[in-house]
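Note sheet for the following structure.
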Amino acid sequence: MRLSKSWVVTRKDLSVFRTKRSLLYSLVAFPLGIGLGLPTVVWLSVRKTHASYAALIPLLDTFLFFFIIAAVSLASTLAAYAIVGEKVERSLEPLLATPTTDSEILFGKSLAAFLPSLAATYFGAAVFMAYVDGLTLPTLGYLLYPNGTAGIFLLFATPLACLFGVEVNILVSSKVSDIRAATQLAGVLVLPFAGIYVLGEIGVLTIDASTLLLISGGLIALDVALFFLSTATFRREEILTKWT
């Protein structure tokens with residue numbers, strides 16, 4: 001596989017994404033809404049109940065799980081458009097007719113969906129951490145973020161979950177011709193991560209460094225398996241001749 005060929009595919013998809021306002025709005029609005037909304041909820045709760053920010057540190061750390069959900073959702077949407085959206089707009093066939101291999105195409109499209117999704121998620125997380133630090137610094141006397149838990153969330157679990165969303169949606173999108181069916185998968189993919197968050201909130205599961213590393217290990221295995229599965233099942237001839 002030639003990475004230079006994959007990068008050509010990535011650059012081409014990124015240039016297309018920049019022309020789609022709905023995609024750009026979702027990339028900014030979703031993570032920014034989380035980054036501003038969750039700390040605001042905490043601030044309002046503290047004002048109303050006079051609770052201590054120190055007592056809410058575990059909750060604030062757990063809130064970082066929302067950025068994993070955001071990364072999966074955004075990546076799934078971009079990955080769906082990268083295959084099905086281009087097919088609908090008749091811009092995929094010329095690429096499939098080139099000598100570029102299936103692996104190079106899939107890797108390039110995966111990268112095009114992964115990079116902006118992860119960048120937008122990191123932007124929202126930075127806003128969240130800066131907001132929380134501004135709220136808690138006068139009380140705690142130190143900056144809560146960045147810390148070790150946030151590092152594992154953002155440097156390990158989030159990019160691996162983002163890649164998981166990309167690979168699953170590219171695998172499905174290469175088999176369907178309806179962009180609505182492909183994008184609806186984003187709602188399904190976030191359910192396992194939302195379930196883990198809920199289990200953490202009700203005390204069934206402790207979301208700590210060990211748990212996050214276990215989740216990250218499982219995602220590594222899934223990401224590798226999904227890439228090889230998508231490459232093995234991707235049939236450019238079928239897309240060129242059978243999609244209508």
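Here, A, B, ... name the chains of the structure tokens in the order displayed, residue numbers run from 1 inside each chain, and ligands are numbered from 1 in the same displayed order.
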| request: Step one, run DSSP on the backbone; step two, keep only residues of range 6-237 of chain A assigned to alpha helix (DSSP H); then write them as number ranges by chain. | output: A: 6-17, 21-49, 57-63, 65-80, 86-88, 93-96, 102-140, 148-152, 158-173, 179-201, 209-233, 236-237
Residues near Gly108 in chain A, cut-off 10 Å, only C-alpha atoms, skip fewer than 2 positions along chain, as a PDB file with N, CA and C atoms, in the first residue's frame:
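What follows is the written file part09.pdb:
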```pdb
ATOM      1  N   LEU A   3       1.307   5.004   0.740  1.00  0.00           N
ATOM      2  CA  LEU A   3       0.683   6.041   1.555  1.00  0.00           C
ATOM      3  C   LEU A   3       0.476   7.334   0.776  1.00  0.00           C
ATOM      4  N   SER A   4       1.337   7.584  -0.190  1.00  0.00           N
ATOM      5  CA  SER A   4       1.176   8.804  -0.990  1.00  0.00           C
ATOM      6  C   SER A   4      -0.136   8.787  -1.764  1.00  0.00           C
ATOM      7  N   LYS A   5      -0.526   7.608  -2.263  1.00  0.00           N
ATOM      8  CA  LYS A   5      -1.800   7.483  -2.966  1.00  0.00           C
ATOM      9  C   LYS A   5      -2.975   7.673  -2.009  1.00  0.00           C
ATOM     10  N   SER A   6      -2.841   7.111  -0.818  1.00  0.00           N
ATOM     11  CA  SER A   6      -3.900   7.283   0.181  1.00  0.00           C
ATOM     12  C   SER A   6      -4.052   8.743   0.564  1.00  0.00           C
ATOM     13  N   TRP A   7      -2.930   9.452   0.676  1.00  0.00           N
ATOM     14  CA  TRP A   7      -2.988  10.858   1.056  1.00  0.00           C
ATOM     15  C   TRP A   7      -3.669  11.699  -0.022  1.00  0.00           C
ATOM     16  N   VAL A   8      -3.512  11.323  -1.284  1.00  0.00           N
ATOM     17  CA  VAL A   8      -4.220  12.007  -2.368  1.00  0.00           C
ATOM     18  C   VAL A   8      -5.724  11.866  -2.173  1.00  0.00           C
ATOM     19  N   VAL A   9      -6.171  10.649  -1.820  1.00  0.00           N
ATOM     20  CA  VAL A   9      -7.591  10.415  -1.558  1.00  0.00           C
ATOM     21  C   VAL A   9      -8.051  11.240  -0.358  1.00  0.00           C
ATOM     22  N   THR A  10      -7.224  11.286   0.677  1.00  0.00           N
ATOM     23  CA  THR A  10      -7.564  12.052   1.879  1.00  0.00           C
ATOM     24  C   THR A  10      -7.725  13.528   1.559  1.00  0.00           C
ATOM     25  N   ARG A  11      -6.783  14.089   0.846  1.00  0.00           N
ATOM     26  CA  ARG A  11      -6.838  15.516   0.508  1.00  0.00           C
ATOM     27  C   ARG A  11      -8.055  15.830  -0.344  1.00  0.00           C
ATOM     28  N   LYS A  12      -8.370  14.930  -1.252  1.00  0.00           N
ATOM     29  CA  LYS A  12      -9.536  15.149  -2.105  1.00  0.00           C
ATOM     30  C   LYS A  12     -10.818  15.150  -1.283  1.00  0.00           C
ATOM     31  N   ASP A  13     -10.956  14.202  -0.348  1.00  0.00           N
ATOM     32  CA  ASP A  13     -12.149  14.144   0.487  1.00  0.00           C
ATOM     33  C   ASP A  13     -12.245  15.352   1.416  1.00  0.00           C
ATOM     34  N   ALA A  82     -18.242   9.852   2.848  1.00  0.00           N
ATOM     35  CA  ALA A  82     -17.073   9.571   2.023  1.00  0.00           C
ATOM     36  C   ALA A  82     -17.343   8.478   1.000  1.00  0.00           C
ATOM     37  N   ASP A 102      -7.621  -0.984  -3.462  1.00  0.00           N
ATOM     38  CA  ASP A 102      -8.713  -0.882  -2.489  1.00  0.00           C
ATOM     39  C   ASP A 102      -8.191  -0.435  -1.123  1.00  0.00           C
ATOM     40  N   SER A 103      -7.075  -0.987  -0.702  1.00  0.00           N
ATOM     41  CA  SER A 103      -6.502  -0.617   0.598  1.00  0.00           C
ATOM     42  C   SER A 103      -6.135   0.857   0.645  1.00  0.00           C
ATOM     43  N   GLU A 104      -5.581   1.365  -0.447  1.00  0.00           N
ATOM     44  CA  GLU A 104      -5.194   2.777  -0.505  1.00  0.00           C
ATOM     45  C   GLU A 104      -6.416   3.679  -0.469  1.00  0.00           C
ATOM     46  N   ILE A 105      -7.468   3.286  -1.157  1.00  0.00           N
ATOM     47  CA  ILE A 105      -8.700   4.076  -1.152  1.00  0.00           C
ATOM     48  C   ILE A 105      -9.322   4.084   0.237  1.00  0.00           C
ATOM     49  N   LEU A 106      -9.445   2.909   0.835  1.00  0.00           N
ATOM     50  CA  LEU A 106     -10.090   2.812   2.143  1.00  0.00           C
ATOM     51  C   LEU A 106      -9.277   3.519   3.219  1.00  0.00           C
ATOM     52  N   SER A 110     -10.625   6.659   5.240  1.00  0.00           N
ATOM     53  CA  SER A 110     -10.648   6.555   6.706  1.00  0.00           C
ATOM     54  C   SER A 110      -9.925   7.738   7.341  1.00  0.00           C
ATOM     55  N   LEU A 111      -8.794   8.089   6.779  1.00  0.00           N
ATOM     56  CA  LEU A 111      -8.016   9.206   7.315  1.00  0.00           C
ATOM     57  C   LEU A 111      -8.762  10.525   7.153  1.00  0.00           C
ATOM     58  N   ALA A 112      -9.460  10.683   6.041  1.00  0.00           N
ATOM     59  CA  ALA A 112     -10.209  11.916   5.789  1.00  0.00           C
ATOM     60  C   ALA A 112     -11.346  12.091   6.790  1.00  0.00           C
ATOM     61  N   ALA A 113     -11.961  11.006   7.206  1.00  0.00           N
ATOM     62  CA  ALA A 113     -13.025  11.091   8.208  1.00  0.00           C
ATOM     63  C   ALA A 113     -12.463  11.198   9.616  1.00  0.00           C
ATOM     64  N   PHE A 114     -11.322  10.555   9.841  1.00  0.00           N
ATOM     65  CA  PHE A 114     -10.723  10.506  11.180  1.00  0.00           C
ATOM     66  C   PHE A 114     -10.144  11.848  11.619  1.00  0.00           C
TER      67      PHE A 114
END
```
Show me a table, sorted first by chain and then by increasing residue number, of the residues of range 35-135 of chain A having an atom at most 10 Å from range 22-30 of chain A, each with its shortest atom pair and the distance in Å to one decimal, counting only C-alpha atoms and written as JSON lines.
```
{"residue": "A:Gly35", "atom": "CA", "partner": "A:Phe30", "partner_atom": "CA", "distance": 8.7}
{"residue": "A:Phe67", "atom": "CA", "partner": "A:Phe30", "partner_atom": "CA", "distance": 9.5}
{"residue": "A:Ala70", "atom": "CA", "partner": "A:Phe30", "partner_atom": "CA", "distance": 7.0}
{"residue": "A:Ala71", "atom": "CA", "partner": "A:Leu27", "partner_atom": "CA", "distance": 9.5}
{"residue": "A:Ser73", "atom": "CA", "partner": "A:Phe30", "partner_atom": "CA", "distance": 9.4}
{"residue": "A:Leu74", "atom": "CA", "partner": "A:Leu27", "partner_atom": "CA", "distance": 6.7}
{"residue": "A:Ala75", "atom": "CA", "partner": "A:Leu27", "partner_atom": "CA", "distance": 9.4}
{"residue": "A:Thr77", "atom": "CA", "partner": "A:Leu23", "partner_atom": "CA", "distance": 8.2}
{"residue": "A:Leu78", "atom": "CA", "partner": "A:Leu23", "partner_atom": "CA", "distance": 7.5}
{"residue": "A:Tyr81", "atom": "CA", "partner": "A:Leu23", "partner_atom": "CA", "distance": 9.4}
{"residue": "A:Pro116", "atom": "CA", "partner": "A:Leu27", "partner_atom": "CA", "distance": 7.7}
{"residue": "A:Ser117", "atom": "CA", "partner": "A:Leu27", "partner_atom": "CA", "distance": 6.8}
{"residue": "A:Leu118", "atom": "CA", "partner": "A:Leu27", "partner_atom": "CA", "distance": 9.6}
{"residue": "A:Ala119", "atom": "CA", "partner": "A:Leu27", "partner_atom": "CA", "distance": 9.0}
{"residue": "A:Ala120", "atom": "CA", "partner": "A:Leu27", "partner_atom": "CA", "distance": 5.8}
{"residue": "A:Thr121", "atom": "CA", "partner": "A:Leu27", "partner_atom": "CA", "distance": 8.1}
{"residue": "A:Phe123", "atom": "CA", "partner": "A:Val28", "partner_atom": "CA", "distance": 8.5}
{"residue": "A:Gly124", "atom": "CA", "partner": "A:Val28", "partner_atom": "CA", "distance": 8.1}
```
Go ahead and write the selection's residues with C-alpha atoms as a JSON list (two decimals), in the first residue's frame.
```
[["chain", "number", "residue", "atom", "x", "y", "z"],
["A", 35, "GLY", "CA", -17.56, 21.68, 25.91],
["A", 67, "PHE", "CA", -16.14, 13.40, 23.83],
["A", 70, "ALA", "CA", -18.85, 12.89, 19.93],
["A", 71, "ALA", "CA", -15.82, 11.47, 18.13],
["A", 73, "SER", "CA", -20.71, 10.21, 15.97],
["A", 74, "LEU", "CA", -18.79, 12.75, 13.89],
["A", 75, "ALA", "CA", -16.48, 10.13, 12.39],
["A", 77, "THR", "CA", -21.14, 10.83, 9.65],
["A", 78, "LEU", "CA", -18.05, 11.80, 7.65],
["A", 81, "TYR", "CA", -20.52, 10.61, 3.23],
["A", 116, "PRO", "CA", -11.33, 16.38, 11.20],
["A", 117, "SER", "CA", -13.48, 14.39, 13.63],
["A", 118, "LEU", "CA", -10.64, 14.00, 16.09],
["A", 119, "ALA", "CA", -9.54, 17.63, 15.68],
["A", 120, "ALA", "CA", -13.08, 18.88, 16.35],
["A", 121, "THR", "CA", -13.37, 16.60, 19.38],
["A", 123, "PHE", "CA", -11.25, 21.42, 20.26],
["A", 124, "GLY", "CA", -14.40, 20.75, 22.27]]
```
| task | Considering only C-alpha atoms, return as a PyMOL selection string whatever protein or nucleic-acid residues lie within 9 Å of range 47-63 of chain A, sequence-local ones (same chain, fewer than 5 positions apart) excluded. | result | chain A and resi 38-39+42+132+135-136+139-140+144+149-150+197+200-201+207-208
Could you pull the residues within 7 Å of range 165-170 of chain A, counting only C-alpha atoms, minus those fewer than 3 positions along the same chain, as a PDB file with N, CA and C atoms, in the first residue's frame?
```pdb
ATOM      1  N   VAL A  72     -17.060   9.389  17.904  1.00  0.00           N
ATOM      2  CA  VAL A  72     -17.675   8.285  17.157  1.00  0.00           C
ATOM      3  C   VAL A  72     -18.766   8.799  16.235  1.00  0.00           C
ATOM      4  N   ALA A  75     -17.222  10.981  13.319  1.00  0.00           N
ATOM      5  CA  ALA A  75     -16.478  10.132  12.391  1.00  0.00           C
ATOM      6  C   ALA A  75     -17.405   9.275  11.549  1.00  0.00           C
ATOM      7  N   SER A  76     -18.465   8.771  12.162  1.00  0.00           N
ATOM      8  CA  SER A  76     -19.420   7.946  11.422  1.00  0.00           C
ATOM      9  C   SER A  76     -20.107   8.744  10.323  1.00  0.00           C
ATOM     10  N   ALA A  79     -17.547   9.429   7.509  1.00  0.00           N
ATOM     11  CA  ALA A  79     -17.224   8.196   6.793  1.00  0.00           C
ATOM     12  C   ALA A  79     -18.372   7.770   5.887  1.00  0.00           C
ATOM     13  N   ALA A  80     -19.602   7.969   6.357  1.00  0.00           N
ATOM     14  CA  ALA A  80     -20.755   7.618   5.528  1.00  0.00           C
ATOM     15  C   ALA A  80     -20.791   8.468   4.270  1.00  0.00           C
ATOM     16  N   ILE A  83     -18.242   7.548   1.317  1.00  0.00           N
ATOM     17  CA  ILE A  83     -18.560   6.469   0.381  1.00  0.00           C
ATOM     18  C   ILE A  83     -19.909   6.713  -0.289  1.00  0.00           C
ATOM     19  N   SER A 110     -10.625   6.659   5.240  1.00  0.00           N
ATOM     20  CA  SER A 110     -10.648   6.555   6.706  1.00  0.00           C
ATOM     21  C   SER A 110      -9.925   7.738   7.341  1.00  0.00           C
ATOM     22  N   ALA A 113     -11.961  11.006   7.206  1.00  0.00           N
ATOM     23  CA  ALA A 113     -13.025  11.091   8.208  1.00  0.00           C
ATOM     24  C   ALA A 113     -12.463  11.198   9.616  1.00  0.00           C
ATOM     25  N   PHE A 114     -11.322  10.555   9.841  1.00  0.00           N
ATOM     26  CA  PHE A 114     -10.723  10.506  11.180  1.00  0.00           C
ATOM     27  C   PHE A 114     -10.144  11.848  11.619  1.00  0.00           C
ATOM     28  N   ALA A 161     -11.676   5.104  19.564  1.00  0.00           N
ATOM     29  CA  ALA A 161     -13.126   5.043  19.351  1.00  0.00           C
ATOM     30  C   ALA A 161     -13.504   5.755  18.055  1.00  0.00           C
ATOM     31  N   CYS A 162     -12.833   6.864  17.779  1.00  0.00           N
ATOM     32  CA  CYS A 162     -13.065   7.594  16.537  1.00  0.00           C
ATOM     33  C   CYS A 162     -12.758   6.705  15.335  1.00  0.00           C
ATOM     34  N   SER A 173     -21.041   1.368   4.672  1.00  0.00           N
ATOM     35  CA  SER A 173     -21.339   2.271   3.564  1.00  0.00           C
ATOM     36  C   SER A 173     -20.939   1.696   2.219  1.00  0.00           C
ATOM     37  N   SER A 174     -19.933   0.846   2.207  1.00  0.00           N
ATOM     38  CA  SER A 174     -19.515   0.248   0.940  1.00  0.00           C
ATOM     39  C   SER A 174     -20.523  -0.781   0.443  1.00  0.00           C
ATOM     40  N   ALA A 182     -26.840   4.835   6.006  1.00  0.00           N
ATOM     41  CA  ALA A 182     -25.451   4.843   6.479  1.00  0.00           C
ATOM     42  C   ALA A 182     -25.275   5.772   7.671  1.00  0.00           C
ATOM     43  N   LEU A 189     -23.891   3.204  16.784  1.00  0.00           N
ATOM     44  CA  LEU A 189     -22.513   3.006  17.237  1.00  0.00           C
ATOM     45  C   LEU A 189     -22.232   3.660  18.587  1.00  0.00           C
ATOM     46  N   ASP A 223     -10.288  -2.229  15.819  1.00  0.00           N
ATOM     47  CA  ASP A 223      -9.899  -1.359  14.710  1.00  0.00           C
ATOM     48  C   ASP A 223      -9.065  -2.117  13.678  1.00  0.00           C
ATOM     49  N   LEU A 226     -11.340  -4.625  11.847  1.00  0.00           N
ATOM     50  CA  LEU A 226     -12.284  -3.968  10.944  1.00  0.00           C
ATOM     51  C   LEU A 226     -11.600  -3.458   9.682  1.00  0.00           C
ATOM     52  N   PHE A 227     -10.363  -2.986   9.813  1.00  0.00           N
ATOM     53  CA  PHE A 227      -9.669  -2.509   8.618  1.00  0.00           C
ATOM     54  C   PHE A 227      -9.446  -3.658   7.641  1.00  0.00           C
TER      55      PHE A 227
END
```
| message | Given only C-alpha atoms as the basis, pick out the residue of A:Leu115, A:Met129, A:Leu171, A:Val190 nearest to Thr231 in chain A. | response |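 Once distances to Thr231 in chain A are computed over only C-alpha atoms, the minimum belongs to A:Leu171.
Taking CA of Ser45 in chain A and CA of Phe153 in chain A as endpoints, the distance between them is 24.5 Å.
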| request: Fewer than 6 positions away in the same chain doesn't count, so skip those; otherwise give me all residues within 10 Å of Gly217 in chain A, counting only C-alpha atoms, as a list in words. | output: Phe156, Ala157, Leu160 and Thr211 of chain A
Generate the output file for the selected residues, C-alpha atoms, as a CSV table (one decimal), in the first residue's frame.
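This went into again.csv:
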```csv
chain,number,residue,atom,x,y,z
A,156,PHE,CA,-5.9,6.7,23.8
A,157,ALA,CA,-9.7,6.0,24.1
A,160,LEU,CA,-9.4,4.6,19.0
A,211,THR,CA,-11.0,0.7,32.8
```
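Interatomic distance, CA of Phe128 in chain A against CA of Ile152 in chain A: 15.8 Å.
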